[in-house]
>>> print(open('entry.txt').read())   # compact mmCIF, C-alpha atoms and all ligand atoms
# COMPACT_ATOMS: atom_id res chain seq x y z
CA MET A 1 0.00 0.00 0.00
CA SER A 2 1.47 3.37 -0.92
CA ASP A 3 2.35 5.45 2.10
CA PRO A 4 3.95 8.68 0.84
CA PHE A 5 3.73 10.39 4.22
CA GLY A 6 5.06 7.51 6.34
CA LEU A 7 1.82 7.17 8.32
CA ARG A 8 1.81 3.37 8.35
CA ASP A 9 5.42 2.79 9.09
CA LEU A 10 5.87 4.02 12.65
CA ASP A 11 8.61 2.47 14.71
CA GLU A 12 7.90 1.88 18.39
CA ALA A 13 11.38 2.80 19.62
CA THR A 14 11.33 6.03 17.60
CA LEU A 15 7.90 6.90 18.96
CA ALA A 16 9.00 6.20 22.51
CA SER A 17 11.78 8.76 22.13
CA THR A 18 9.46 11.44 20.69
CA PRO A 19 9.75 14.59 22.78
CA GLY A 20 6.52 15.87 24.26
CA VAL A 21 4.15 14.84 26.98
CA LYS A 22 2.42 12.01 25.08
CA TRP A 23 5.38 9.66 25.06
CA GLN A 24 7.55 11.15 27.81
CA ALA A 25 5.10 11.40 30.70
CA ASN A 26 4.83 7.63 31.21
CA PRO A 27 8.11 6.04 30.18
CA GLY A 28 7.84 2.36 29.39
CA ARG A 29 4.14 2.51 28.50
CA LEU A 30 2.59 2.64 25.03
CA ALA A 31 1.05 6.11 24.74
CA ALA A 32 -2.60 6.23 23.66
CA TRP A 33 -3.88 9.04 25.85
CA VAL A 34 -3.45 12.79 25.15
CA ALA A 35 -4.78 14.00 21.76
CA ASP A 36 -1.55 14.29 19.81
CA MET A 37 -1.03 12.13 16.73
CA ASP A 38 1.93 9.79 16.25
CA PHE A 39 2.14 10.74 12.56
CA PRO A 40 5.00 12.81 11.14
CA VAL A 41 3.92 16.37 10.42
CA ALA A 42 2.83 17.20 6.85
CA PRO A 43 5.91 17.87 4.65
CA ALA A 44 4.25 21.09 3.45
CA ILE A 45 4.40 22.36 7.02
CA SER A 46 7.82 21.13 8.03
CA GLU A 47 9.40 22.45 4.82
CA ARG A 48 7.89 25.92 5.30
CA LEU A 49 8.99 26.09 8.91
CA GLN A 50 12.48 24.84 8.15
CA ALA A 51 12.89 27.46 5.41
CA MET A 52 11.73 30.16 7.80
CA VAL A 53 14.16 29.16 10.51
CA THR A 54 17.03 28.77 8.03
CA ARG A 55 16.44 32.29 6.74
CA GLY A 56 16.15 33.59 10.26
CA ALA A 57 12.79 35.10 9.36
CA LEU A 58 11.76 35.31 12.98
CA GLY A 59 11.42 39.04 13.60
CA TYR A 60 8.25 41.10 13.91
CA PRO A 61 5.97 40.07 11.05
CA ASN A 62 4.79 42.50 8.39
CA TRP A 63 1.13 41.51 8.60
CA GLY A 64 -0.65 44.83 8.78
CA PRO A 65 -3.82 45.15 10.85
CA SER A 66 -5.09 42.11 12.67
CA PRO A 67 -6.15 39.41 12.29
CA SER A 68 -3.02 37.58 11.19
CA PRO A 69 -2.87 36.04 7.68
CA ALA A 70 -4.00 32.76 9.25
CA GLY A 71 -7.00 34.55 10.75
CA ARG A 72 -7.79 35.91 7.30
CA LEU A 73 -7.33 32.51 5.70
CA PHE A 74 -9.75 31.07 8.26
CA VAL A 75 -12.50 33.16 6.64
CA ASP A 76 -11.76 31.75 3.16
CA ARG A 77 -11.39 28.23 4.44
CA MET A 78 -14.69 28.20 6.32
CA SER A 79 -16.35 29.43 3.19
CA SER A 80 -14.73 27.03 0.73
CA ARG A 81 -14.83 23.99 3.00
CA TRP A 82 -18.08 24.33 4.91
CA GLY A 83 -20.02 27.02 3.05
CA TRP A 84 -20.01 29.41 6.00
CA SER A 85 -18.86 33.02 5.56
CA PRO A 86 -17.49 34.46 8.79
CA ASP A 87 -17.16 38.24 9.06
CA LEU A 88 -13.47 39.19 8.88
CA GLU A 89 -14.11 42.11 11.22
CA ARG A 90 -15.06 39.68 13.95
CA VAL A 91 -12.07 37.35 13.69
CA HIS A 92 -9.55 37.31 16.54
CA ASP A 93 -6.24 35.48 16.81
CA LEU A 94 -5.78 33.44 19.96
CA ALA A 95 -3.00 31.38 21.51
CA ASP A 96 -5.31 28.40 21.83
CA VAL A 97 -8.91 27.30 21.58
CA LEU A 98 -9.39 27.04 25.31
CA GLN A 99 -8.45 30.70 25.64
CA GLY A 100 -11.46 31.63 23.48
CA VAL A 101 -13.77 29.49 25.60
CA ARG A 102 -12.47 31.12 28.77
CA ILE A 103 -12.78 34.63 27.35
CA ALA A 104 -16.45 34.05 26.53
CA VAL A 105 -17.15 32.51 29.95
CA GLU A 106 -15.30 35.28 31.78
CA LEU A 107 -16.85 38.19 29.92
CA LEU A 108 -20.42 36.95 29.62
CA THR A 109 -21.07 35.14 32.89
CA GLN A 110 -20.47 35.51 36.62
CA PRO A 111 -19.23 33.08 39.27
CA GLY A 112 -22.08 30.78 40.22
CA ASP A 113 -23.79 31.08 36.81
CA PRO A 114 -24.91 27.84 35.15
CA ILE A 115 -23.12 26.82 31.95
CA ALA A 116 -24.25 23.86 29.87
CA LEU A 117 -22.22 21.29 28.00
CA HIS A 118 -22.64 17.75 26.75
CA THR A 119 -21.08 15.18 29.04
CA PRO A 120 -18.88 13.21 29.03
CA ALA A 121 -16.92 16.38 28.24
CA TYR A 122 -13.42 17.36 27.16
CA HIS A 123 -11.90 17.63 30.63
CA PRO A 124 -10.25 21.09 30.29
CA PHE A 125 -13.78 22.52 29.81
CA LEU A 126 -14.87 20.94 33.08
CA ASN A 127 -11.68 22.04 34.84
CA SER A 128 -11.95 25.61 33.49
CA LEU A 129 -15.55 25.93 34.62
CA ARG A 130 -14.67 24.62 38.07
CA GLU A 131 -11.67 26.95 38.33
CA MET A 132 -13.88 29.85 37.25
CA ASP A 133 -16.49 28.87 39.81
CA ARG A 134 -19.27 28.36 37.24
CA ARG A 135 -21.99 25.76 37.78
CA ILE A 136 -21.85 22.89 35.27
CA VAL A 137 -25.15 21.86 33.68
CA GLU A 138 -24.74 18.43 32.12
CA LEU A 139 -26.47 17.59 28.83
CA PRO A 140 -26.72 14.10 27.35
CA VAL A 141 -24.99 13.38 24.02
CA GLY A 142 -26.93 11.94 21.07
CA ALA A 143 -29.35 13.00 18.36
CA ASP A 144 -32.05 11.01 20.18
CA ARG A 145 -31.49 12.99 23.40
CA VAL A 146 -32.35 16.51 22.16
CA ASP A 147 -35.71 16.49 23.98
CA ASP A 148 -33.81 15.86 27.22
CA VAL A 149 -31.36 18.63 26.35
CA GLU A 150 -34.31 20.98 25.89
CA SER A 151 -35.91 20.04 29.22
CA ILE A 152 -32.63 20.50 31.10
CA ILE A 153 -32.02 23.89 29.51
CA VAL A 154 -35.56 25.04 30.26
CA ALA A 155 -35.19 23.90 33.89
CA GLU A 156 -31.65 25.11 34.56
CA ARG A 157 -31.64 28.31 32.48
CA PRO A 158 -27.91 28.37 31.63
CA ARG A 159 -26.57 31.58 30.08
CA LEU A 160 -24.06 29.83 27.87
CA LEU A 161 -23.64 26.49 26.07
CA ILE A 162 -20.22 25.12 25.23
CA LEU A 163 -20.81 22.98 22.15
CA CYS A 164 -17.97 20.58 21.39
CA HIS A 165 -18.70 20.01 17.71
CA PRO A 166 -17.65 17.34 16.71
CA HIS A 167 -17.67 15.95 20.20
CA ASN A 168 -14.68 14.90 22.26
CA PRO A 169 -14.56 12.23 23.74
CA THR A 170 -17.48 10.41 22.04
CA GLY A 171 -16.76 11.40 18.43
CA HIS A 172 -20.44 12.33 17.97
CA ARG A 173 -21.30 14.28 14.83
CA PHE A 174 -24.08 16.86 15.22
CA ASP A 175 -26.10 16.54 12.01
CA ARG A 176 -28.17 19.34 10.54
CA SER A 177 -31.43 18.33 12.18
CA GLU A 178 -29.81 18.14 15.62
CA LEU A 179 -28.06 21.48 15.08
CA GLU A 180 -31.32 23.10 13.99
CA ARG A 181 -33.04 21.83 17.12
CA LEU A 182 -30.16 23.13 19.26
CA SER A 183 -30.37 26.47 17.49
CA ALA A 184 -34.10 26.70 18.27
CA ILE A 185 -33.49 25.71 21.90
CA ALA A 186 -30.70 28.30 22.16
CA GLU A 187 -32.97 30.97 20.73
CA ALA A 188 -35.82 30.17 23.11
CA ALA A 189 -33.46 30.25 26.11
CA ASP A 190 -31.41 33.18 24.75
CA LEU A 191 -28.23 31.14 25.09
CA VAL A 192 -24.81 32.18 23.88
CA VAL A 193 -23.21 29.21 22.14
CA VAL A 194 -19.45 28.74 22.16
CA SER A 195 -18.88 26.22 19.38
CA ASP A 196 -15.50 24.50 19.58
CA GLU A 197 -14.98 23.10 16.07
CA ILE A 198 -11.34 22.10 16.42
CA HIS A 199 -12.12 18.50 15.37
CA ALA A 200 -14.14 19.47 12.25
CA ASP A 201 -11.43 18.42 9.79
CA LEU A 202 -11.37 15.02 11.47
CA ALA A 203 -14.98 14.20 10.60
CA HIS A 204 -15.36 11.02 8.54
CA GLN A 205 -17.59 10.69 5.50
CA ASN A 206 -21.21 10.90 6.54
CA PRO A 207 -22.86 7.53 5.78
CA SER A 208 -26.08 9.38 4.95
CA GLY A 209 -24.19 11.24 2.22
CA ALA A 210 -24.88 14.53 4.01
CA GLU A 211 -22.26 17.10 5.01
CA THR A 212 -19.40 15.86 7.17
CA HIS A 213 -19.47 19.02 9.27
CA ILE A 214 -21.77 22.04 9.57
CA PRO A 215 -20.50 25.10 11.45
CA PHE A 216 -23.05 25.92 14.14
CA ALA A 217 -22.95 29.61 13.21
CA SER A 218 -24.16 28.71 9.71
CA VAL A 219 -27.29 26.87 10.81
CA SER A 220 -29.62 29.86 11.13
CA GLU A 221 -29.67 33.65 11.44
CA SER A 222 -30.31 33.24 15.12
CA ALA A 223 -27.35 30.87 15.55
CA ALA A 224 -25.08 33.29 13.68
CA ARG A 225 -25.96 36.08 16.14
CA ARG A 226 -25.37 34.04 19.27
CA THR A 227 -22.37 31.90 18.34
CA VAL A 228 -18.71 32.26 19.19
CA THR A 229 -16.77 29.84 16.99
CA VAL A 230 -13.33 28.69 18.08
CA THR A 231 -11.05 26.49 16.06
CA SER A 232 -7.46 25.85 15.02
CA ALA A 233 -5.35 23.89 12.55
CA SER A 234 -3.64 22.29 15.53
CA LYS A 235 -5.75 19.14 16.02
CA ALA A 236 -6.09 17.91 12.44
CA PHE A 237 -2.51 18.81 11.54
CA ASN A 238 -0.86 17.79 14.81
CA LEU A 239 0.51 21.21 15.78
CA ALA A 240 -0.73 21.49 19.36
CA GLY A 241 2.57 22.80 20.76
CA LEU A 242 2.68 25.77 18.37
CA ARG A 243 -0.15 27.73 20.01
CA TRP A 244 -2.32 29.47 17.44
CA ALA A 245 -6.10 29.38 17.27
CA VAL A 246 -8.86 31.62 16.01
CA MET A 247 -12.16 32.95 17.35
CA HIS A 248 -15.10 34.38 15.41
CA VAL A 249 -17.50 36.33 17.58
CA GLY A 250 -20.99 36.44 16.12
CA HIS A 251 -22.39 37.59 19.46
CA GLU A 252 -22.64 41.39 19.44
CA GLU A 253 -22.10 42.08 23.12
CA LEU A 254 -19.08 39.79 23.39
CA GLU A 255 -17.55 41.31 20.25
CA ARG A 256 -17.97 44.79 21.74
CA ARG A 257 -16.40 43.71 25.02
CA VAL A 258 -13.46 41.95 23.35
CA ARG A 259 -12.83 45.02 21.15
CA ALA A 260 -12.82 47.25 24.23
CA PHE A 261 -9.56 45.66 25.39
CA PRO A 262 -6.33 47.31 24.25
CA ASP A 263 -4.51 45.81 21.29
CA HIS A 264 -2.49 42.70 22.22
CA PHE A 265 -4.26 42.41 25.57
CA PHE A 266 -4.90 38.74 24.82
CA GLY A 267 -1.40 38.28 23.38
CA ALA A 268 -0.18 38.37 19.78
CA PRO A 269 0.19 35.40 17.47
CA ASN A 270 3.37 33.41 17.08
CA ILE A 271 4.89 33.85 13.60
CA ILE A 272 5.85 30.15 13.31
CA ALA A 273 2.39 28.97 14.37
CA VAL A 274 0.74 31.28 11.84
CA GLU A 275 3.03 30.04 9.06
CA ALA A 276 2.24 26.44 10.02
CA ALA A 277 -1.52 27.11 9.88
CA LEU A 278 -1.12 28.77 6.46
CA ALA A 279 0.82 25.78 5.15
CA ALA A 280 -1.67 23.33 6.65
CA TRP A 281 -4.70 25.05 5.19
CA THR A 282 -3.25 25.76 1.76
CA GLU A 283 -0.99 22.76 1.08
CA GLY A 284 -1.95 20.12 3.64
CA SER A 285 -5.00 18.53 2.06
CA GLU A 286 -3.28 15.47 0.57
CA TRP A 287 -1.62 14.71 3.88
CA LEU A 288 -4.92 15.16 5.72
CA GLU A 289 -6.69 12.83 3.28
CA ALA A 290 -4.03 10.20 3.85
CA VAL A 291 -4.40 10.61 7.61
CA MET A 292 -8.17 10.27 7.36
CA GLU A 293 -7.75 7.00 5.44
CA VAL A 294 -5.61 5.55 8.21
CA LEU A 295 -7.98 6.84 10.90
CA ASP A 296 -10.95 5.35 9.09
CA GLU A 297 -9.18 2.00 8.88
CA ASN A 298 -8.25 2.21 12.57
CA ARG A 299 -11.71 3.12 13.85
CA ARG A 300 -13.14 0.12 11.98
CA SER A 301 -10.43 -2.38 12.84
CA LEU A 302 -10.72 -1.46 16.51
CA VAL A 303 -14.09 -3.29 16.53
CA ASP A 304 -12.35 -6.59 15.70
CA LEU A 305 -9.29 -5.91 17.83
CA LEU A 306 -11.47 -5.32 20.88
CA ALA A 307 -13.59 -8.39 20.13
CA GLN A 308 -10.41 -10.42 20.04
CA HIS A 309 -8.49 -8.94 22.99
CA LEU A 310 -11.11 -7.30 25.25
CA PRO A 311 -14.36 -9.07 24.37
CA GLY A 312 -16.27 -7.43 27.24
CA ALA A 313 -15.56 -3.89 25.97
CA ARG A 314 -18.27 -1.88 24.24
CA TYR A 315 -17.35 0.55 21.48
CA SER A 316 -18.88 2.15 18.39
CA PRO A 317 -16.59 3.70 15.79
CA PRO A 318 -16.70 7.51 16.14
CA ASP A 319 -18.08 9.69 13.32
CA ALA A 320 -15.26 12.16 13.92
CA THR A 321 -12.02 12.58 15.85
CA TYR A 322 -9.37 9.92 16.33
CA LEU A 323 -10.59 9.15 19.84
CA ALA A 324 -12.28 5.90 20.80
CA TRP A 325 -14.64 6.09 23.78
CA ILE A 326 -14.67 2.57 25.19
CA ASP A 327 -16.95 1.21 27.89
CA CYS A 328 -14.82 -1.19 29.90
CA SER A 329 -17.05 -1.24 32.96
CA TYR A 330 -17.02 -5.04 32.93
CA LEU A 331 -13.47 -4.61 34.29
CA GLY A 332 -14.58 -2.31 37.13
CA GLU A 333 -15.94 1.15 37.90
CA GLY A 334 -14.21 4.54 38.19
CA GLU A 335 -10.62 4.56 37.00
CA VAL A 336 -10.16 0.81 37.44
CA PRO A 337 -9.96 0.00 33.69
CA ARG A 338 -7.33 2.72 33.13
CA ASP A 339 -5.32 1.34 36.05
CA ILE A 340 -5.55 -2.20 34.68
CA PHE A 341 -4.33 -1.06 31.24
CA ARG A 342 -1.50 0.84 32.91
CA GLU A 343 -0.37 -2.35 34.58
CA ARG A 344 -0.45 -4.00 31.16
CA GLY A 345 1.82 -1.27 29.79
CA VAL A 346 -0.62 1.05 27.97
CA GLU A 347 -1.51 4.63 28.93
CA VAL A 348 -5.08 5.62 28.01
CA SER A 349 -7.19 8.50 29.35
CA PRO A 350 -9.34 7.55 32.34
CA GLY A 351 -13.08 7.98 31.72
CA PRO A 352 -13.89 9.80 34.98
CA GLN A 353 -11.69 12.69 33.81
CA PHE A 354 -14.54 13.47 31.36
CA GLY A 355 -17.28 13.49 34.00
CA ARG A 356 -19.48 11.06 35.87
CA GLU A 357 -20.59 9.08 32.80
CA GLY A 358 -16.95 8.24 32.26
CA SER A 359 -16.88 5.78 35.13
CA GLY A 360 -15.58 2.45 33.82
CA HIS A 361 -14.69 4.00 30.43
CA VAL A 362 -11.39 4.85 28.82
CA ARG A 363 -10.54 7.13 25.90
CA LEU A 364 -8.07 5.59 23.50
CA ASN A 365 -6.14 7.68 20.96
CA MET A 366 -6.19 5.91 17.57
CA ALA A 367 -3.97 8.40 15.72
CA THR A 368 -1.21 5.94 15.08
CA SER A 369 -0.33 3.33 12.48
CA PRO A 370 -2.63 0.31 12.11
CA ARG A 371 0.24 -1.88 13.30
CA MET A 372 0.81 0.22 16.44
CA LEU A 373 -2.92 0.18 17.16
CA GLU A 374 -2.87 -3.59 17.01
CA ARG A 375 0.18 -3.66 19.29
CA ILE A 376 -1.58 -1.33 21.78
CA VAL A 377 -4.86 -3.26 21.90
CA THR A 378 -3.03 -6.59 22.10
CA ALA A 379 -1.13 -5.26 25.13
CA MET A 380 -4.39 -4.03 26.70
CA GLY A 381 -5.85 -7.52 26.43
CA ASP A 382 -5.21 -10.13 28.99
CA GLY A 383 -4.23 -12.85 26.56
C1 LIG B 401 -12.45 19.77 21.86
C2 LIG B 401 -11.08 20.32 22.08
N1 LIG B 401 -10.90 21.64 22.23
C3 LIG B 401 -9.68 22.17 22.41
C4 LIG B 401 -8.57 21.36 22.43
C5 LIG B 401 -7.23 21.96 22.70
O1 LIG B 401 -6.99 23.02 21.90
P1 LIG B 401 -5.99 24.15 22.36
O2 LIG B 401 -4.71 23.49 22.74
O3 LIG B 401 -5.91 25.02 21.16
O4 LIG B 401 -6.67 24.83 23.53
C6 LIG B 401 -8.70 19.99 22.28
C7 LIG B 401 -7.51 19.12 22.32
O5 LIG B 401 -7.57 17.94 22.30
C8 LIG B 401 -9.98 19.46 22.10
O6 LIG B 401 -10.16 18.14 21.94
>>> encode(input="entry.txt", output="structure tokens")
Amino acid sequence: MSDPFGLRDLDEATLASTPGVKWQANPGRLAAWVADMDFPVAPAISERLQAMVTRGALGYPNWGPSPSPAGRLFVDRMSSRWGWSPDLERVHDLADVLQGVRIAVELLTQPGDPIALHTPAYHPFLNSLREMDRRIVELPVGADRVDDVESIIVAERPRLLILCHPHNPTGHRFDRSELERLSAIAEAADLVVVSDEIHADLAHQNPSGAETHIPFASVSESAARRTVTVTSASKAFNLAGLRWAVMHVGHEELERRVRAFPDHFFGAPNIIAVEAALAAWTEGSEWLEAVMEVLDENRRSLVDLLAQHLPGARYSPPDATYLAWIDCSYLGEGEVPRDIFRERGVEVSPGPQFGREGSGHVRLNMATSPRMLERIVTAMGDG
């Protein structure tokens, strides 16, 4: 099988010596936890960055008024890829996606205020809300649970919804009908929606033939006015350490409040991170397609690997992301399954990190070669 980007030929010893938290935090264990990929970065990106460093082009950039060129490219990319036209005037560079979420929470809500999100939830959302003393309102995940979402929102009256779209850790894709319902619910409750779309490029083909991803802000006029979209090239292109993300503020009051801060109050973008995002979004599509092929193969083959090595585990292939949300409660509750896999030499993320529903679950990172995935799941098994 042709493998021009070396995605299928990963060597365990080389991976184990990869700098960074994924492989260095737990020496001696196979790393399948934090959401970094094992794949080599796209050549289009590494070549651009190498050329930049070789030329010493690391001074103040000549970008003109903000946003950065990557912020401007975000507007074109949303339009060409997902048919949504963000307003350039409302685009802000960020250091990371979580910063945008925190800005919205800080500026639009008060300590003690209820904030809704689908649980299990990406744990830094939960941790941020706890640190900021906001009350977490838990919503169930699933297109068949929207009536429950509506009842909870009517009862709890949150001011803000953090929509993780596509959803980490379950890999759930919010289809148009679910998004339209959420938009109507948000309108009725006058909710601000912070839509974290960092995993959008990692959405697999939609079996129904419909769109793979629909930006929440594009769903209706009402959604456009109440949505803060945050995203980055970092997840799909494996650039998490570079620190650049982008925020589009459709919500009038938040936009006014963000603009009221002095220039650079929230920091200024890193020239290398911006260059990497430009390379990713202009020249990275072949690499991304090749990655998606491997991820598609992995999410399917995991069904058989689990049946063979952990027959009690329950798992459905995710519609998006490279994360597998696996119910291993037959092994025990709480963090017991994670601890068992640790003893067997594999580091996965413990389910309870993502909230109460995570008890007995683990999140496994599948962004590796098919051979490494097999090696990881074999090690997790007791055979
Ligand atoms: C849903 C989601 N949002 C945000 C992030 C992190 O993005 P950043 O490092 O830009 O805050 C991740 C990383 O895995 C994620 O899964």
>>> residues_near_ligand(input="entry.txt", ligand="ligand LIG 401 (chain B)", cutoff="6 Å", atoms="all atoms listed in the file", output="ChimeraX atom specification")
/A:35,96-98,122,164,168,198,240,245
>>> residues_near_point(input="entry.txt", point="(5.2, 11.1, 10.7)", cutoff="8 Å", atoms="only C-alpha atoms", output="VMD selection string")
chain A and resid 5 to 7 10 38 to 42
>>> residues_around(input="entry.txt", residues="Thr229 of chain A", least_positions_apart="5", cutoff="8 Å", atoms="only C-alpha atoms", output="number ranges by chain")
A: 194-197, 216-217, 247-250
>>> residues_around(input="entry.txt", residues="Asp175 of chain A", least_positions_apart="6", cutoff="12 Å", atoms="all atoms listed in the file", output="number ranges by chain")
A: 142-144, 146, 165-167, 181-182, 203, 206-216, 219, 319-320
>>> write_last_selection(input="entry.txt", atoms="C-alpha atoms", output="PDB file, in the frame of the given file")
ATOM      1  CA  GLY A 142     -26.930  11.940  21.070  1.00  0.00           C
ATOM      2  CA  ALA A 143     -29.350  13.000  18.360  1.00  0.00           C
ATOM      3  CA  ASP A 144     -32.050  11.010  20.180  1.00  0.00           C
ATOM      4  CA  VAL A 146     -32.350  16.510  22.160  1.00  0.00           C
ATOM      5  CA  HIS A 165     -18.700  20.010  17.710  1.00  0.00           C
ATOM      6  CA  PRO A 166     -17.650  17.340  16.710  1.00  0.00           C
ATOM      7  CA  HIS A 167     -17.670  15.950  20.200  1.00  0.00           C
ATOM      8  CA  ARG A 181     -33.040  21.830  17.120  1.00  0.00           C
ATOM      9  CA  LEU A 182     -30.160  23.130  19.260  1.00  0.00           C
ATOM     10  CA  ALA A 203     -14.980  14.200  10.600  1.00  0.00           C
ATOM     11  CA  ASN A 206     -21.210  10.900   6.540  1.00  0.00           C
ATOM     12  CA  PRO A 207     -22.860   7.530   5.780  1.00  0.00           C
ATOM     13  CA  SER A 208     -26.080   9.380   4.950  1.00  0.00           C
ATOM     14  CA  GLY A 209     -24.190  11.240   2.220  1.00  0.00           C
ATOM     15  CA  ALA A 210     -24.880  14.530   4.010  1.00  0.00           C
ATOM     16  CA  GLU A 211     -22.260  17.100   5.010  1.00  0.00           C
ATOM     17  CA  THR A 212     -19.400  15.860   7.170  1.00  0.00           C
ATOM     18  CA  HIS A 213     -19.470  19.020   9.270  1.00  0.00           C
ATOM     19  CA  ILE A 214     -21.770  22.040   9.570  1.00  0.00           C
ATOM     20  CA  PRO A 215     -20.500  25.100  11.450  1.00  0.00           C
ATOM     21  CA  PHE A 216     -23.050  25.920  14.140  1.00  0.00           C
ATOM     22  CA  VAL A 219     -27.290  26.870  10.810  1.00  0.00           C
ATOM     23  CA  ASP A 319     -18.080   9.690  13.320  1.00  0.00           C
ATOM     24  CA  ALA A 320     -15.260  12.160  13.920  1.00  0.00           C
TER      25      ALA A 320
END
>>> atom_distance(input="entry.txt", atom1="atom CA of Gly312 of chain A", atom2="atom CA of Tyr330 of chain A")
6.2 Å
>>> residues_around(input="entry.txt", residues="Pro69 of chain A", least_positions_apart="3", cutoff="9 Å", atoms="all atoms listed in the file", output="list of chain:residue names")
A:Trp63, A:Ser66, A:Arg72, A:Leu73, A:Phe74, A:Val274, A:Glu275, A:Leu278
